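Here the structure comes first, spelled out in structure tokens, and everything after it is commentary.
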2 protein chains.
Amino acid sequence: MKKLAIGIDIGGINTAFGLVDENGDLYAESVISTKKYPYEDDYKEYIDELCDALLALSQSLSFEYELTGIGIGAPNANYHKGTIESPANLWKYRPEDADKECEPRIFHIADDISKHFGGVKTLVTNDANAATIGEMIYGNAKGMKDFVMITLGTGLGSGFVSNGEMIYGHDGFAGEFGHIIVERNGRQCGCGRRGCLETYVSATGIKRTAFELMATMNVPSRLRSIAYDDFDASMISAAAEQGDPIALEAFRVTGEMLGRALADVVTVTSPEAIFLFGGLSKAGKFIFEPTQWYMEENMLFVFKNKVKLLPSGIQSKNAAILGASALIWQEC
Amino acid sequence: MKKLAIGIDIGGINTAFGLVDENGDLYAESVISTKKYPYEDDYKEYIDELCDALLALSQSLSFEYELTGIGIGAPNANYHKGTIESPANLWKYRPEDADKECEPRIFHIADDISKHFGGVKTLVTNDANAATIGEMIYGNAKGMKDFVMITLGTGLGSGFVSNGEMIYGHDGFAGEFGHIIVERNGRQCGCGRRGCLETYVSATGIKRTAFELMATMNVPSRLRSIAYDDFDASMISAAAEQGDPIALEAFRVTGEMLGRALADVVTVTSPEAIFLFGGLSKAGKFIFEPTQWYMEENMLFVFKNKVKLLPSGIQSKNAAILGASALIWQEC
């Protein structure tokens with residue numbers, strides 16, 4: 001009988017999910033709102049709606065199959081415990097419960113979903129790790145034993161594979177590469193510290209860089225007509241295509257920060273390849289060329305010209321669902 | 001029959017070796033000079049002398065045993081290939097062969113030794129990785145699946161264990177944590193770049209810091225009477241014991257650089273513990289206290305107060321031999 005896994009991608013706005021086979025073919029997909037359940041005490045209701053929707057989806061196929069497991073990609077996920085822990089943008093304390101702010105919020109999501117499906121194997125990891133496993137099972141990292149995945153979205157996520165295995169670390173939280181500090185007393189980060197890599201290298205990071213450059217440079221730029229609140233990173237790509245000097249410089253600076261950081265990553269983990277995934281990586285040569293240049297420029301001699309910098313092979317709208325489902329195939 | 005492994009530690013001055021059992025008990029040990037064979041074309045003769053000495057040692061025991069394998073710790077070792085590649089301080093080109101300088105020097109040491117011992121399993125890795133495996137097999141990391149080892153000698157070496165396995169990386173060179181760049185345009189490093197961690201955190205690093213502090217601070221210090229060439233890091237420990245302000249500040253600065261770097265390492269690898277090994281780590285509280293403080297101060301919130309900073313459990317004169325032999329037990 002055909003085997004399928006459910007992949008679930010939990011974002012701050014929506015939760016997308018689908019039924020996927022071992023080859024990464026998607027048989028059905030759907031979505032519910034995450035945003036509708038903003039508070040901690042909404043979580044139970046969220047799970048009920050999600051499980052109803054999963055059940056409906058799993059009954060919608062016209063052929064018989066075996067449900068092998070459920071994989072979940074989510075922020076602040078603890079792989080070892082099957083939990084989501086104090087996520088910044090999900091199921092917060094209600095404003096009137098402000099006194100609880102310091103208490104951790106622990107959601108046992110793997111168990112809570114699994115029990116609706118007869119205890120089927122259910123695994124959860126952060127979205128970047130899910131994308132990493134997706135790259136290994138379905139994408140350009142097939143057959144690689146040692147590689148690094150960098151996911152460039154609103155923030156910067158990462159996943160590390162060594163000896164053919166995901167590195168989850170002791171706590172299950174490994175791979176927070178976006179939060180290495182690359183600039184002492186640098187830009188404020190949402191984590192409460194300063195100078196984290198993702199404050200420079202991410203959709204938000206390059207936007208901040210463009211605004212800094214508009215302040216420090218005198219050249220004209222079409223970007224100068226857009227207010228910060230109306231601005232998104234795709235406008236920088238579009239401007240770069242037109243040769244806009246601020247946009248081009250913003251990409252160079254972003255590539256410099258990323259390339260330097262990747263040289264350090266290579267020094268520690270010696271990967272075969274590094275994959276770039278997500279919004280900013282779609283800017284192609286604008287981000288790849290400076291990143292590659294600064295990575296090699298800063299590379300320890302034994303690693304020079306050895307490590308491939310490549311685009312992800314799962315750059316589709318369903319990458320997050322595929323990645324989450326790959327959690328299950330990796331364990332088989 | 002009792003099983004023993006040979007552990008070999010190849011340093012720039014001497015090559016030490018011994019017969020070790022699975023519990024880390026050393027049954028016999030000896031040493032030959034490495035320095036006697038400085039040039040590339042001396043290598044064959046070095047191997048002959050080493051193998052003669054290994055044979056003599058292995059025949060010196062009064063009981064029967066099975067030789068399980070030979071483990072080698074050496075600089076610039078490639079675990080996957082069993083080679084030592086272009087080591088900075090071993091078997092160099094002769095001055096008259098300066099034109100060859102850019103060609104790699106590849107020494108197939110695992111094969112070259114193994115064939116003298118009937119093809120017995122022979123593995124080579126860098127000295128820091130060997131110490132890491134020693135910590136896992138015989139030391140304080142017994143039973144740990146995820147930890148980091150930092151070896152503080154003339155330079156800074158490191159080893160990473162994740163999911164219970166050493167991370168060698170694609171090239172077999174992973175773990176060069178001493179060469180992450182912590183200060184742009186910082187101190188010159190032997191690797192040809194600037195600002196590498198080991199230029200601040202190592203016996204040489206703290207010495208450089210002490211000299212910088214003698215230039216920037218006005219306080220009296222007993223260290224001011226010693227010339228750079230006569231100075232070694234143990235003098236800073238001795239002065240710190242006496243409350244010398246330059247020595248104490250040198251340790252604080254060293255701990256700050258190491259603590260910050262370790263916070264970044266935790267962010268990426270999420271270890272259960274970090275072990276400090278080697279000369280500088282013997283300074284006890286002088287190095288541990290500032291390192292711990294700055295590590296926590298710079299730690300991403302999810303990891304705060306979770307990661308143990310511990311002294312190595314194999315701090316003995318034979319640690320390098322034990323570590324090299326542990327390569328064999330780890331594979332059994």
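Ligands are numbered from 1 in the order shown, chains are lettered A, B, ... in the order of the structure tokens, and residues start at 1 in each chain.
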
For chain A, report every residue with an atom at most 10 Å from chain B (counting only C-alpha atoms), formatted as a compact mmCIF listing (two decimals) with all heavy atoms, in the first residue's frame.
```
# COMPACT_ATOMS: atom_id res chain seq x y z
N ASN A 76 10.55 27.75 17.54
CA ASN A 76 10.86 27.35 18.93
C ASN A 76 10.48 25.91 19.25
O ASN A 76 10.03 25.60 20.35
CB ASN A 76 10.16 28.29 19.94
CG ASN A 76 10.65 29.71 19.83
OD1 ASN A 76 10.48 30.35 18.79
ND2 ASN A 76 11.27 30.20 20.89
N GLU A 85 8.17 25.78 22.56
CA GLU A 85 8.45 26.40 23.86
C GLU A 85 8.55 27.92 23.75
O GLU A 85 9.42 28.45 23.07
CB GLU A 85 9.73 25.80 24.45
CG GLU A 85 9.65 24.28 24.55
CD GLU A 85 10.76 23.63 25.36
OE1 GLU A 85 11.58 24.34 25.97
OE2 GLU A 85 10.77 22.38 25.40
N SER A 86 7.64 28.60 24.43
CA SER A 86 7.61 30.07 24.50
C SER A 86 7.83 30.75 23.14
O SER A 86 8.70 31.62 23.01
CB SER A 86 8.68 30.57 25.49
OG SER A 86 8.48 29.99 26.76
N MET A 144 24.30 13.85 0.30
CA MET A 144 25.37 14.55 1.03
C MET A 144 25.30 14.19 2.52
O MET A 144 24.23 14.10 3.10
CB MET A 144 25.21 16.07 0.89
CG MET A 144 25.59 16.58 -0.47
SD MET A 144 25.65 18.40 -0.46
CE MET A 144 25.91 18.71 -2.22
N LYS A 145 26.47 14.05 3.12
CA LYS A 145 26.56 13.68 4.54
C LYS A 145 26.80 14.90 5.42
O LYS A 145 26.56 14.86 6.63
CB LYS A 145 27.72 12.70 4.76
CG LYS A 145 27.57 11.37 4.06
CD LYS A 145 26.87 10.40 4.98
CE LYS A 145 26.69 9.04 4.32
NZ LYS A 145 25.43 8.43 4.75
N ASP A 146 27.35 15.95 4.84
CA ASP A 146 27.74 17.13 5.62
C ASP A 146 27.38 18.39 4.85
O ASP A 146 28.04 18.71 3.86
CB ASP A 146 29.26 17.13 5.88
CG ASP A 146 29.73 15.86 6.57
OD1 ASP A 146 29.64 15.81 7.80
OD2 ASP A 146 30.15 14.92 5.87
N PHE A 147 26.34 19.06 5.27
CA PHE A 147 26.00 20.31 4.61
C PHE A 147 25.28 21.25 5.58
O PHE A 147 24.89 20.86 6.68
CB PHE A 147 25.14 20.07 3.36
CG PHE A 147 23.74 19.59 3.64
CD1 PHE A 147 22.68 20.50 3.73
CD2 PHE A 147 23.47 18.26 3.82
CE1 PHE A 147 21.39 20.09 3.99
CE2 PHE A 147 22.17 17.82 4.09
CZ PHE A 147 21.13 18.73 4.18
N SER A 158 18.70 28.21 10.28
CA SER A 158 19.74 27.34 9.73
C SER A 158 19.55 25.91 10.20
O SER A 158 18.88 25.65 11.20
CB SER A 158 21.12 27.80 10.17
OG SER A 158 21.28 27.58 11.55
N GLY A 159 20.11 25.01 9.45
CA GLY A 159 20.14 23.61 9.85
C GLY A 159 21.48 23.03 9.46
O GLY A 159 22.06 23.41 8.44
N PHE A 160 22.01 22.14 10.30
CA PHE A 160 23.32 21.52 10.06
C PHE A 160 23.17 20.01 9.99
O PHE A 160 22.54 19.42 10.86
CB PHE A 160 24.28 21.85 11.20
CG PHE A 160 24.66 23.29 11.25
CD1 PHE A 160 23.81 24.22 11.84
CD2 PHE A 160 25.84 23.72 10.68
CE1 PHE A 160 24.14 25.56 11.86
CE2 PHE A 160 26.17 25.05 10.69
CZ PHE A 160 25.33 25.99 11.28
N VAL A 161 23.74 19.43 8.95
CA VAL A 161 23.78 17.97 8.85
C VAL A 161 25.25 17.54 8.87
O VAL A 161 26.06 18.06 8.10
CB VAL A 161 23.08 17.49 7.56
CG1 VAL A 161 23.35 16.00 7.31
CG2 VAL A 161 21.59 17.75 7.64
N SER A 162 25.57 16.65 9.79
CA SER A 162 26.93 16.11 9.87
C SER A 162 26.83 14.60 9.97
O SER A 162 25.94 14.08 10.66
CB SER A 162 27.66 16.64 11.10
OG SER A 162 27.97 18.00 10.93
N ASN A 163 27.74 13.90 9.34
CA ASN A 163 27.70 12.43 9.34
C ASN A 163 26.32 11.93 8.91
O ASN A 163 25.86 10.90 9.38
CB ASN A 163 28.03 11.87 10.73
CG ASN A 163 29.41 12.28 11.22
OD1 ASN A 163 30.33 12.43 10.43
ND2 ASN A 163 29.53 12.48 12.52
N GLU A 165 23.45 13.12 9.63
CA GLU A 165 22.36 13.33 10.60
C GLU A 165 22.16 14.80 10.93
O GLU A 165 23.12 15.55 11.05
CB GLU A 165 22.68 12.61 11.92
CG GLU A 165 22.60 11.12 11.82
CD GLU A 165 22.94 10.46 13.16
OE1 GLU A 165 22.72 11.09 14.21
OE2 GLU A 165 23.43 9.34 13.13
N MET A 166 20.90 15.18 11.16
CA MET A 166 20.60 16.52 11.65
C MET A 166 21.26 16.71 13.01
O MET A 166 21.22 15.82 13.85
CB MET A 166 19.09 16.68 11.89
CG MET A 166 18.28 17.18 10.75
SD MET A 166 18.73 18.82 10.15
CE MET A 166 18.59 19.79 11.65
N ILE A 167 21.81 17.90 13.21
CA ILE A 167 22.35 18.26 14.52
C ILE A 167 21.26 18.99 15.30
O ILE A 167 20.94 20.14 14.99
CB ILE A 167 23.59 19.17 14.38
CG1 ILE A 167 24.66 18.50 13.52
CG2 ILE A 167 24.14 19.56 15.74
CD1 ILE A 167 25.17 17.18 14.02
N TYR A 168 20.66 18.31 16.28
CA TYR A 168 19.66 18.96 17.12
C TYR A 168 20.29 19.51 18.41
O TYR A 168 19.76 20.41 19.03
CB TYR A 168 18.55 17.98 17.51
CG TYR A 168 17.69 17.57 16.33
CD1 TYR A 168 17.75 16.29 15.81
CD2 TYR A 168 16.82 18.49 15.74
CE1 TYR A 168 16.98 15.92 14.72
CE2 TYR A 168 16.04 18.13 14.65
CZ TYR A 168 16.12 16.84 14.15
OH TYR A 168 15.36 16.50 13.08
N GLY A 169 21.40 18.91 18.81
CA GLY A 169 22.06 19.33 20.04
C GLY A 169 21.36 18.77 21.26
O GLY A 169 20.31 18.13 21.17
N HIS A 170 21.96 19.04 22.42
CA HIS A 170 21.48 18.46 23.67
C HIS A 170 20.06 18.91 24.00
O HIS A 170 19.24 18.14 24.48
CB HIS A 170 22.44 18.87 24.79
CG HIS A 170 22.08 18.28 26.12
ND1 HIS A 170 22.02 16.93 26.34
CD2 HIS A 170 21.74 18.87 27.29
CE1 HIS A 170 21.67 16.70 27.60
NE2 HIS A 170 21.49 17.86 28.20
N ASP A 171 19.79 20.18 23.75
CA ASP A 171 18.48 20.75 24.08
C ASP A 171 17.47 20.59 22.97
O ASP A 171 16.30 20.93 23.15
CB ASP A 171 18.63 22.27 24.31
CG ASP A 171 19.01 22.57 25.73
OD1 ASP A 171 18.86 21.68 26.58
OD2 ASP A 171 19.44 23.70 25.98
N GLY A 172 17.91 20.16 21.80
CA GLY A 172 17.00 20.10 20.65
C GLY A 172 16.84 21.43 19.94
O GLY A 172 16.01 21.57 19.06
N PHE A 173 17.65 22.43 20.31
CA PHE A 173 17.51 23.78 19.76
C PHE A 173 18.70 24.20 18.88
O PHE A 173 18.85 25.39 18.58
CB PHE A 173 17.41 24.82 20.89
CG PHE A 173 16.12 24.82 21.63
CD1 PHE A 173 16.10 24.65 23.02
CD2 PHE A 173 14.92 24.99 20.97
CE1 PHE A 173 14.91 24.67 23.72
CE2 PHE A 173 13.72 25.01 21.67
CZ PHE A 173 13.71 24.84 23.06
N ALA A 174 19.58 23.26 18.51
CA ALA A 174 20.77 23.65 17.76
C ALA A 174 20.40 24.32 16.43
O ALA A 174 19.28 24.18 15.95
CB ALA A 174 21.65 22.43 17.50
N GLY A 175 21.34 25.05 15.86
CA GLY A 175 21.15 25.63 14.54
C GLY A 175 20.60 27.04 14.55
O GLY A 175 20.06 27.50 13.55
N GLU A 176 20.77 27.77 15.64
CA GLU A 176 20.28 29.15 15.68
C GLU A 176 21.35 30.10 15.15
O GLU A 176 21.74 31.08 15.79
CB GLU A 176 19.88 29.53 17.11
CG GLU A 176 18.61 28.84 17.60
CD GLU A 176 17.34 29.39 16.93
OE1 GLU A 176 17.43 30.40 16.21
OE2 GLU A 176 16.27 28.77 17.11
N PHE A 177 21.81 29.79 13.93
CA PHE A 177 22.91 30.52 13.33
C PHE A 177 22.59 32.00 13.11
O PHE A 177 23.48 32.85 13.09
CB PHE A 177 23.26 29.83 12.01
CG PHE A 177 24.45 30.38 11.32
CD1 PHE A 177 25.66 30.48 11.98
CD2 PHE A 177 24.37 30.78 10.00
CE1 PHE A 177 26.77 30.98 11.32
CE2 PHE A 177 25.48 31.28 9.35
CZ PHE A 177 26.68 31.38 10.01
N GLY A 178 21.30 32.32 12.97
CA GLY A 178 20.91 33.72 12.82
C GLY A 178 21.22 34.54 14.05
O GLY A 178 21.23 35.77 13.99
N HIS A 179 21.48 33.85 15.17
CA HIS A 179 21.75 34.58 16.41
C HIS A 179 23.20 34.50 16.87
O HIS A 179 23.48 34.70 18.04
CB HIS A 179 20.79 34.12 17.51
CG HIS A 179 19.38 34.55 17.24
ND1 HIS A 179 18.96 35.84 17.43
CD2 HIS A 179 18.32 33.87 16.75
CE1 HIS A 179 17.68 35.94 17.07
NE2 HIS A 179 17.27 34.76 16.65
N ILE A 180 24.12 34.16 15.96
CA ILE A 180 25.51 34.41 16.33
C ILE A 180 25.73 35.92 16.22
O ILE A 180 25.10 36.60 15.40
CB ILE A 180 26.55 33.64 15.48
CG1 ILE A 180 26.54 34.08 14.03
CG2 ILE A 180 26.35 32.13 15.58
CD1 ILE A 180 27.81 33.69 13.30
N ILE A 181 26.58 36.42 17.10
CA ILE A 181 26.78 37.88 17.15
C ILE A 181 27.92 38.24 16.21
O ILE A 181 29.05 37.79 16.39
CB ILE A 181 27.04 38.34 18.60
CG1 ILE A 181 25.75 38.12 19.41
CG2 ILE A 181 27.47 39.82 18.64
CD1 ILE A 181 25.86 38.43 20.89
N VAL A 182 27.62 39.03 15.18
CA VAL A 182 28.64 39.37 14.19
C VAL A 182 29.12 40.81 14.33
O VAL A 182 30.10 41.20 13.71
CB VAL A 182 28.13 39.14 12.75
CG1 VAL A 182 27.90 37.65 12.50
CG2 VAL A 182 26.87 39.95 12.45
N GLU A 183 28.44 41.58 15.15
CA GLU A 183 28.84 42.98 15.32
C GLU A 183 28.57 43.35 16.78
O GLU A 183 27.42 43.43 17.20
CB GLU A 183 27.99 43.85 14.37
CG GLU A 183 28.51 45.22 14.09
CD GLU A 183 29.72 45.24 13.14
OE1 GLU A 183 29.76 44.47 12.18
OE2 GLU A 183 30.63 46.05 13.40
N ARG A 184 29.65 43.52 17.55
CA ARG A 184 29.50 43.95 18.95
C ARG A 184 28.75 45.28 18.98
O ARG A 184 29.10 46.19 18.22
CB ARG A 184 30.86 44.16 19.62
CG ARG A 184 31.66 42.94 19.90
CD ARG A 184 31.07 42.06 20.96
NE ARG A 184 31.19 40.67 20.50
CZ ARG A 184 30.51 39.66 21.00
NH1 ARG A 184 29.65 39.83 21.97
NH2 ARG A 184 30.67 38.44 20.52
N CYS A 191 15.79 39.16 19.82
CA CYS A 191 16.13 38.24 20.92
C CYS A 191 16.56 39.00 22.16
O CYS A 191 16.83 38.38 23.19
CB CYS A 191 17.22 37.27 20.49
SG CYS A 191 18.88 38.01 20.44
N GLY A 192 16.65 40.33 22.07
CA GLY A 192 17.03 41.11 23.24
C GLY A 192 18.50 41.48 23.27
O GLY A 192 18.94 42.24 24.14
N ARG A 193 19.28 40.95 22.33
CA ARG A 193 20.71 41.29 22.30
C ARG A 193 20.98 42.21 21.10
O ARG A 193 20.05 42.72 20.49
CB ARG A 193 21.53 40.00 22.20
CG ARG A 193 21.22 39.03 23.37
CD ARG A 193 21.99 37.74 23.24
NE ARG A 193 21.79 37.16 21.93
CZ ARG A 193 22.56 36.21 21.40
NH1 ARG A 193 23.57 35.74 22.09
NH2 ARG A 193 22.30 35.73 20.20
N ARG A 194 22.23 42.40 20.78
CA ARG A 194 22.60 43.29 19.68
C ARG A 194 23.56 42.59 18.72
O ARG A 194 24.39 41.79 19.15
CB ARG A 194 23.30 44.54 20.21
CG ARG A 194 22.36 45.59 20.74
CD ARG A 194 23.14 46.74 21.35
NE ARG A 194 22.25 47.81 21.75
CZ ARG A 194 21.84 48.79 20.95
NH1 ARG A 194 22.25 48.84 19.69
NH2 ARG A 194 21.02 49.72 21.40
N CYS A 196 23.16 40.46 16.16
CA CYS A 196 22.97 39.10 15.64
C CYS A 196 22.98 39.11 14.11
O CYS A 196 22.53 40.07 13.48
CB CYS A 196 21.63 38.53 16.12
SG CYS A 196 21.61 38.23 17.89
N ARG A 260 31.30 36.35 5.38
CA ARG A 260 32.21 36.26 6.53
C ARG A 260 31.73 35.22 7.52
O ARG A 260 32.51 34.41 8.05
CB ARG A 260 32.24 37.59 7.27
CG ARG A 260 33.02 38.68 6.62
CD ARG A 260 32.79 39.93 7.46
NE ARG A 260 33.59 41.03 6.99
CZ ARG A 260 33.60 42.23 7.57
NH1 ARG A 260 32.84 42.46 8.63
NH2 ARG A 260 34.36 43.18 7.10
N ALA A 261 30.44 35.26 7.82
CA ALA A 261 29.89 34.33 8.81
C ALA A 261 29.99 32.89 8.30
O ALA A 261 30.30 31.97 9.05
CB ALA A 261 28.44 34.70 9.13
N ALA A 263 32.26 31.72 6.27
CA ALA A 263 33.67 31.28 6.37
C ALA A 263 33.92 30.70 7.76
O ALA A 263 34.59 29.67 7.90
CB ALA A 263 34.61 32.44 6.07
N ASP A 264 33.38 31.34 8.80
CA ASP A 264 33.54 30.82 10.16
C ASP A 264 32.81 29.49 10.34
O ASP A 264 33.31 28.58 11.01
CB ASP A 264 33.02 31.83 11.19
CG ASP A 264 34.01 32.98 11.42
OD1 ASP A 264 35.18 32.84 11.04
OD2 ASP A 264 33.58 34.00 11.99
N VAL A 265 31.64 29.38 9.74
CA VAL A 265 30.88 28.13 9.83
C VAL A 265 31.65 26.98 9.18
O VAL A 265 31.70 25.87 9.71
CB VAL A 265 29.52 28.29 9.12
CG1 VAL A 265 28.92 26.95 8.74
CG2 VAL A 265 28.56 29.03 10.03
N VAL A 266 32.27 27.25 8.04
CA VAL A 266 33.06 26.23 7.35
C VAL A 266 34.22 25.78 8.24
O VAL A 266 34.52 24.59 8.36
CB VAL A 266 33.57 26.75 5.99
CG1 VAL A 266 34.59 25.80 5.39
CG2 VAL A 266 32.40 26.95 5.03
N THR A 267 34.87 26.75 8.88
CA THR A 267 36.01 26.47 9.75
C THR A 267 35.63 25.48 10.86
O THR A 267 36.42 24.64 11.26
CB THR A 267 36.52 27.79 10.36
OG1 THR A 267 36.86 28.67 9.29
CG2 THR A 267 37.72 27.59 11.23
N VAL A 268 34.43 25.58 11.33
CA VAL A 268 33.99 24.71 12.42
C VAL A 268 33.40 23.40 11.91
O VAL A 268 33.67 22.33 12.46
CB VAL A 268 32.98 25.45 13.34
CG1 VAL A 268 32.37 24.51 14.36
CG2 VAL A 268 33.68 26.60 14.06
N THR A 269 32.58 23.44 10.84
CA THR A 269 31.83 22.22 10.47
C THR A 269 32.31 21.55 9.17
O THR A 269 31.89 20.43 8.89
CB THR A 269 30.33 22.52 10.30
OG1 THR A 269 30.14 23.44 9.21
CG2 THR A 269 29.74 23.14 11.56
N SER A 270 33.14 22.20 8.38
CA SER A 270 33.67 21.61 7.13
C SER A 270 32.59 20.92 6.29
O SER A 270 32.65 19.72 6.06
CB SER A 270 34.77 20.60 7.49
OG SER A 270 35.34 20.05 6.34
N PRO A 271 31.62 21.70 5.80
CA PRO A 271 30.56 21.09 5.00
C PRO A 271 30.98 20.88 3.54
O PRO A 271 31.94 21.50 3.07
CB PRO A 271 29.43 22.12 5.07
CG PRO A 271 30.15 23.43 5.17
CD PRO A 271 31.41 23.15 5.95
N GLU A 272 30.25 20.02 2.84
CA GLU A 272 30.47 19.84 1.40
C GLU A 272 29.84 21.01 0.64
O GLU A 272 30.38 21.48 -0.35
CB GLU A 272 29.83 18.52 0.95
CG GLU A 272 29.94 18.26 -0.53
CD GLU A 272 29.42 16.89 -0.94
OE1 GLU A 272 29.06 16.08 -0.04
OE2 GLU A 272 29.37 16.61 -2.15
N ALA A 273 28.68 21.45 1.13
CA ALA A 273 27.96 22.54 0.46
C ALA A 273 27.15 23.34 1.46
O ALA A 273 26.80 22.84 2.54
CB ALA A 273 27.04 21.98 -0.62
N GLU A 297 37.18 35.02 0.43
CA GLU A 297 38.15 36.03 0.89
C GLU A 297 38.52 35.82 2.36
O GLU A 297 39.64 36.07 2.77
CB GLU A 297 37.51 37.43 0.71
CG GLU A 297 38.32 38.60 1.21
CD GLU A 297 39.53 38.91 0.33
OE1 GLU A 297 39.63 38.29 -0.73
OE2 GLU A 297 40.35 39.75 0.75
N ASN A 298 37.56 35.32 3.14
CA ASN A 298 37.77 35.15 4.58
C ASN A 298 38.03 33.70 4.98
O ASN A 298 38.10 33.39 6.17
CB ASN A 298 36.57 35.69 5.35
CG ASN A 298 36.52 37.20 5.33
OD1 ASN A 298 37.24 37.85 6.08
ND2 ASN A 298 35.71 37.75 4.44
N MET A 299 38.16 32.82 4.01
CA MET A 299 38.25 31.39 4.31
C MET A 299 39.63 30.97 4.80
O MET A 299 40.65 31.42 4.26
CB MET A 299 37.91 30.63 3.02
CG MET A 299 37.58 29.19 3.24
SD MET A 299 35.91 29.03 3.89
CE MET A 299 35.03 28.62 2.38
N LEU A 300 39.66 30.09 5.79
CA LEU A 300 40.91 29.48 6.22
C LEU A 300 41.47 28.66 5.05
O LEU A 300 40.71 27.98 4.34
CB LEU A 300 40.62 28.57 7.42
CG LEU A 300 41.83 27.93 8.13
CD1 LEU A 300 42.75 28.97 8.75
CD2 LEU A 300 41.36 26.96 9.21
N PHE A 301 42.80 28.73 4.85
CA PHE A 301 43.39 28.19 3.61
C PHE A 301 43.00 26.75 3.30
O PHE A 301 42.75 26.41 2.15
CB PHE A 301 44.92 28.35 3.64
CG PHE A 301 45.59 27.59 4.76
CD1 PHE A 301 46.07 26.31 4.53
CD2 PHE A 301 45.71 28.15 6.03
CE1 PHE A 301 46.67 25.61 5.57
CE2 PHE A 301 46.30 27.44 7.07
CZ PHE A 301 46.78 26.16 6.83
N VAL A 302 42.91 25.88 4.31
CA VAL A 302 42.59 24.47 3.99
C VAL A 302 41.22 24.29 3.34
O VAL A 302 40.94 23.25 2.77
CB VAL A 302 42.66 23.51 5.20
CG1 VAL A 302 44.09 23.24 5.58
CG2 VAL A 302 41.84 23.97 6.38
N PHE A 303 40.35 25.28 3.49
CA PHE A 303 38.99 25.15 2.95
C PHE A 303 38.77 25.96 1.67
O PHE A 303 37.68 25.91 1.09
CB PHE A 303 37.96 25.58 4.00
CG PHE A 303 38.00 24.76 5.25
CD1 PHE A 303 38.45 25.30 6.44
CD2 PHE A 303 37.61 23.43 5.24
CE1 PHE A 303 38.48 24.54 7.60
CE2 PHE A 303 37.64 22.66 6.39
CZ PHE A 303 38.09 23.22 7.58
N LYS A 306 36.73 25.05 -1.92
CA LYS A 306 36.30 23.66 -1.78
C LYS A 306 34.80 23.54 -1.50
O LYS A 306 34.20 22.50 -1.75
CB LYS A 306 37.03 23.01 -0.61
CG LYS A 306 38.45 22.60 -0.88
CD LYS A 306 38.98 21.86 0.34
CE LYS A 306 40.38 21.33 0.12
NZ LYS A 306 40.89 20.73 1.38
N VAL A 307 34.22 24.58 -0.90
CA VAL A 307 32.85 24.46 -0.40
C VAL A 307 31.88 25.11 -1.39
O VAL A 307 32.05 26.27 -1.77
CB VAL A 307 32.72 25.12 0.98
CG1 VAL A 307 31.30 24.97 1.51
CG2 VAL A 307 33.72 24.51 1.95
```

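Here CA of Asp244 in chain B is placed at a distance of 24.1 Å from CA of Pro311 in chain B.
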
List every residue of range 43-172 of chain A that DSSP, applied to the backbone, labels as helix (DSSP H, G or I), and write the result as a VMD selection string.
chain A and resid 43 to 58 95 to 100 109 to 117 127 to 138

Which residues are close to Leu248 in chain B, i.e. within 9 Å by only C-alpha atoms, leaving aside same-chain residues fewer than 5 positions away? Reply as a PyMOL selection string.
chain B and resi 236-237+239-241+243+253+286

From a DSSP calculation on the backbone, collect every residue of range 209-312 of chain A in strand (DSSP E) and output the set as number ranges by chain.
A: 273-277, 308-311

With N, CA, C and O atoms retained, write the just-selected residues as an mmCIF file, in the first residue's frame.
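Result file is part32.cif:
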```cif
data_model
loop_
_atom_site.group_PDB
_atom_site.id
_atom_site.type_symbol
_atom_site.label_atom_id
_atom_site.label_comp_id
_atom_site.auth_asym_id
_atom_site.auth_seq_id
_atom_site.Cartn_x
_atom_site.Cartn_y
_atom_site.Cartn_z
ATOM 1 N N ALA A 273 28.679 21.452 1.133
ATOM 2 C CA ALA A 273 27.963 22.538 0.457
ATOM 3 C C ALA A 273 27.147 23.337 1.462
ATOM 4 O O ALA A 273 26.799 22.843 2.536
ATOM 5 N N ILE A 274 26.864 24.584 1.080
ATOM 6 C CA ILE A 274 25.971 25.442 1.846
ATOM 7 C C ILE A 274 24.833 25.830 0.908
ATOM 8 O O ILE A 274 25.081 26.279 -0.211
ATOM 9 N N PHE A 275 23.595 25.638 1.354
ATOM 10 C CA PHE A 275 22.436 25.972 0.536
ATOM 11 C C PHE A 275 21.758 27.222 1.075
ATOM 12 O O PHE A 275 21.596 27.371 2.285
ATOM 13 N N LEU A 276 21.371 28.092 0.148
ATOM 14 C CA LEU A 276 20.583 29.265 0.535
ATOM 15 C C LEU A 276 19.148 29.042 0.081
ATOM 16 O O LEU A 276 18.891 28.662 -1.057
ATOM 17 N N PHE A 277 18.237 29.296 0.986
ATOM 18 C CA PHE A 277 16.817 29.026 0.775
ATOM 19 C C PHE A 277 15.999 30.246 1.175
ATOM 20 O O PHE A 277 16.361 30.961 2.097
ATOM 21 N N LYS A 308 30.887 24.350 -1.816
ATOM 22 C CA LYS A 308 29.933 24.864 -2.792
ATOM 23 C C LYS A 308 28.856 25.726 -2.123
ATOM 24 O O LYS A 308 28.334 25.354 -1.079
ATOM 25 N N LEU A 309 28.545 26.851 -2.728
ATOM 26 C CA LEU A 309 27.435 27.689 -2.271
ATOM 27 C C LEU A 309 26.335 27.556 -3.318
ATOM 28 O O LEU A 309 26.527 27.955 -4.468
ATOM 29 N N LEU A 310 25.203 26.977 -2.945
ATOM 30 C CA LEU A 310 24.201 26.583 -3.933
ATOM 31 C C LEU A 310 22.800 27.051 -3.553
ATOM 32 O O LEU A 310 22.483 27.186 -2.363
ATOM 33 N N PRO A 311 21.943 27.246 -4.557
ATOM 34 C CA PRO A 311 20.540 27.526 -4.230
ATOM 35 C C PRO A 311 19.846 26.231 -3.789
ATOM 36 O O PRO A 311 20.206 25.138 -4.223
#
```
